[in-house]
Amino acid sequence: MKHSHSFTLCLFFLTLFLLVQARHHSHRKHRHSHSHKSNKTSLPQPPPPAPRDDDNGYYNNNASGIFDVRAFGAVGDGIEDDTEAFKTAWDTACQNESQVVNVILVPRGFSFVVQSTIFTGPCQGDLVFKVDGTVMPPDGPESWPKNTGKRQWLVFYRINGMSLEGSGLIDGRGQKWWDLPCKPHKGSNGTALGPCDSPIAIRFFMSSNLTVQGLKVKNSPQFHFRFDGCNNVHIDSIYITAPKLSPNTDGIHLENVNDVKIYNSVISNGDDCVSIGSGSYDVDIKNITCGPSHGISIGSLGNHNSKACVSNITVRDSIIKMSDNGVRIKTWQGGSGTVSGVTFNNINMIS
């Protein structure tokens with residue numbers, strides 16, 4: 001009877017122990033299952049893919065308003081012709097209505113060959129042509145397309161609201177043009193051997209509200225910049241360079257323009273740093289370092305017995321060094337017209 005009681009007691013404790021273990025195991029399993037479910041539902045969702053990137057690393061998105069020329073087929077190896085890619089990028093950005101400002105991006109680390117091209121407006125919004133890489137034309141007259149005129153390279157026509165800017169370089173590759181036998185400095189006694197067209201590097205024509213800033217431009221076959229029939233032009237912090245003996249490589253030429261500001265820039269070339277042609281008025285030039293060059297000029301005016309008028313021109317707080325001339329007004333015999341409201345102030349001449 002005593003052994004039976006002990007056996008019954010042991011059996012009771014064993015049963016109790018097994019019940020406790022079973023409940024404990026069930027509770028742990030339940031906690032583990034609950035925790036796993038909670039973690040699964042609370043994991044952060046991956047962010048949506050950035051609209052700018054693809055496997056090639058370029059930026060092209062209508063919603064962002066940034067158009068990398070490589071997205072349109074530009075190679076940028078300094079050999080392949082990237083003209084069509086640039087034109088398509090321009091047309092796409094120009095007609096994009098989703099942004100107030102659209103950016104055409106020429107990325108750093110690449111060199112793009114572009115033939116003579118006219119970028120035409122008007123556009124849906126303002127444009128930024130951002131040159132962080134290098135842009136250059138075909139190398140010399142022999143490489144120039146036979147069915148293409150040789151008087152201009154990059155032309156911006158009928159644009160209202162554009163900035164040409166960036167940390168890159170526009171290289172005109174002018175040497176082979178300067179070496180043509182028809183150039184004045186190559187002819188006998190300084191006379192040219194026949195007509196000889198050479199392209200202006202960058203031309204703005206019948207455009208308004210323009211900004212050019214931060215760029216380096218070098219070795220244009222002829223003028224580096226020309227503005228025709230433009231108004232509200234702001235040029236700031238640009239660097240233009242060409243050899244002292246490069247012919248007709250004016251830095252900035254103005255014709256029939258008004259409300260022009262040229263500030264804080266460095267220009268050295270084989271002709272005028274800035275030349276101001278007929279029909280120009282309200283031009284302010286400040287803090288320019290000019291030279292070697294032919295100086296800063298109003299004119300030449302009155303060519304072919306024409307009438308020319310220029311007014312309200314200010315050149316101030318600038319340096320002209322190692323140049324054939326300082327500041328001047330140039331006219332042709334037989335011409336007519338007026339030059340008025342001209343101020344040359346605080347010009348430091350250095351020989």
# chains A, B, ... in the order shown; residues from 1 in each chain; ligands from 1

$ residues_around --residues "Ser278 in chain A" --least-positions-apart "6" --cutoff "8 Å" --atoms "only C-alpha atoms" --output "short mmCIF file (atom, residue, chain, number, x, y, z; two decimals) with N, CA, C and O atoms, in the first residue's frame"
data_model
loop_
_atom_site.label_atom_id
_atom_site.label_comp_id
_atom_site.auth_asym_id
_atom_site.auth_seq_id
_atom_site.Cartn_x
_atom_site.Cartn_y
_atom_site.Cartn_z
N GLU A 255 26.05 92.53 -83.30
CA GLU A 255 25.48 93.19 -84.48
C GLU A 255 23.97 93.30 -84.27
O GLU A 255 23.28 92.30 -84.03
N ASN A 256 23.45 94.54 -84.33
CA ASN A 256 22.01 94.78 -84.16
C ASN A 256 21.48 94.16 -82.86
O ASN A 256 20.48 93.43 -82.85
N GLY A 299 32.86 98.94 -84.16
CA GLY A 299 33.12 98.86 -85.58
C GLY A 299 33.77 97.54 -85.97
O GLY A 299 33.93 96.63 -85.13
N LEU A 301 32.51 100.22 -88.90
CA LEU A 301 31.20 100.73 -89.27
C LEU A 301 31.25 101.36 -90.65
O LEU A 301 32.25 101.96 -91.05
N ALA A 308 25.49 103.34 -90.50
CA ALA A 308 25.63 102.57 -89.26
C ALA A 308 25.40 103.48 -88.06
O ALA A 308 25.91 104.61 -88.02
N CYS A 309 24.65 102.98 -87.07
CA CYS A 309 24.39 103.74 -85.84
C CYS A 309 24.66 102.85 -84.63
O CYS A 309 24.20 101.71 -84.58
N VAL A 310 25.39 103.41 -83.68
CA VAL A 310 25.71 102.72 -82.43
C VAL A 310 25.56 103.74 -81.30
O VAL A 310 25.99 104.89 -81.43
#

$ residues_around --residues "range 127-140 of chain A" --least-positions-apart "3" --cutoff "8 Å" --atoms "only C-alpha atoms" --output "ChimeraX atom specification"
/A:93-94,101-116,123,143-144,153,161-177,215

$ closest_residue --among "A:Val260, A:Gly295, A:Ser268, A:Ser300" --to "Tyr281 in chain A" --atoms "only C-alpha atoms"
A:Val260

$ atom_distance --atom1 "CA of Cys196 in chain A" --atom2 "CA of Trp178 in chain A"
10.2 Å

$ residues_around --residues "range 241-252 of chain A" --least-positions-apart "3" --cutoff "6 Å" --atoms "only C-alpha atoms" --output "ChimeraX atom specification"
/A:218-219,222-226,267-274

$ closest_residue --among "A:Val217, A:Ile313, A:Ile159, A:Ile238" --to "Asp259 in chain A" --atoms "only C-alpha atoms"
A:Ile313

$ decode --residues "range 197-208 of chain A" --atoms "N, CA, C and O atoms" --output "JSON list (two decimals), in the first residue's frame"
[["chain", "number", "residue", "atom", "x", "y", "z"],
["A", 197, "ASP", "N", 35.85, 81.16, -96.91],
["A", 197, "ASP", "CA", 34.91, 81.09, -95.81],
["A", 197, "ASP", "C", 35.47, 80.24, -94.68],
["A", 197, "ASP", "O", 36.08, 79.19, -94.91],
["A", 198, "SER", "N", 35.21, 80.68, -93.45],
["A", 198, "SER", "CA", 35.55, 79.90, -92.26],
["A", 198, "SER", "C", 34.41, 80.07, -91.26],
["A", 198, "SER", "O", 33.81, 81.14, -91.17],
["A", 199, "PRO", "N", 34.11, 79.03, -90.49],
["A", 199, "PRO", "CA", 32.91, 79.09, -89.64],
["A", 199, "PRO", "C", 33.11, 79.90, -88.36],
["A", 199, "PRO", "O", 34.14, 79.82, -87.70],
["A", 200, "ILE", "N", 32.07, 80.66, -88.02],
["A", 200, "ILE", "CA", 31.93, 81.22, -86.68],
["A", 200, "ILE", "C", 31.59, 80.07, -85.75],
["A", 200, "ILE", "O", 30.77, 79.21, -86.08],
["A", 201, "ALA", "N", 32.21, 80.02, -84.59],
["A", 201, "ALA", "CA", 31.98, 78.88, -83.70],
["A", 201, "ALA", "C", 30.55, 78.85, -83.17],
["A", 201, "ALA", "O", 29.85, 77.85, -83.31],
["A", 202, "ILE", "N", 30.09, 79.94, -82.54],
["A", 202, "ILE", "CA", 28.78, 79.95, -81.89],
["A", 202, "ILE", "C", 28.05, 81.22, -82.28],
["A", 202, "ILE", "O", 28.55, 82.33, -82.06],
["A", 203, "ARG", "N", 26.88, 81.05, -82.85],
["A", 203, "ARG", "CA", 26.10, 82.20, -83.29],
["A", 203, "ARG", "C", 24.70, 82.14, -82.71],
["A", 203, "ARG", "O", 24.01, 81.12, -82.81],
["A", 204, "PHE", "N", 24.27, 83.25, -82.11],
["A", 204, "PHE", "CA", 22.89, 83.42, -81.68],
["A", 204, "PHE", "C", 22.23, 84.43, -82.63],
["A", 204, "PHE", "O", 22.75, 85.53, -82.83],
["A", 205, "PHE", "N", 21.08, 84.03, -83.18],
["A", 205, "PHE", "CA", 20.45, 84.84, -84.22],
["A", 205, "PHE", "C", 18.97, 85.02, -83.89],
["A", 205, "PHE", "O", 18.25, 84.05, -83.62],
["A", 206, "MET", "N", 18.53, 86.27, -83.84],
["A", 206, "MET", "CA", 17.13, 86.61, -83.58],
["A", 206, "MET", "C", 16.62, 85.93, -82.32],
["A", 206, "MET", "O", 15.57, 85.26, -82.31],
["A", 207, "SER", "N", 17.37, 86.08, -81.24],
["A", 207, "SER", "CA", 17.03, 85.43, -79.97],
["A", 207, "SER", "C", 17.04, 86.45, -78.84],
["A", 207, "SER", "O", 17.59, 87.54, -78.96],
["A", 208, "SER", "N", 16.45, 86.06, -77.71],
["A", 208, "SER", "CA", 16.35, 86.99, -76.58],
["A", 208, "SER", "C", 16.47, 86.25, -75.25],
["A", 208, "SER", "O", 16.30, 85.03, -75.19]]
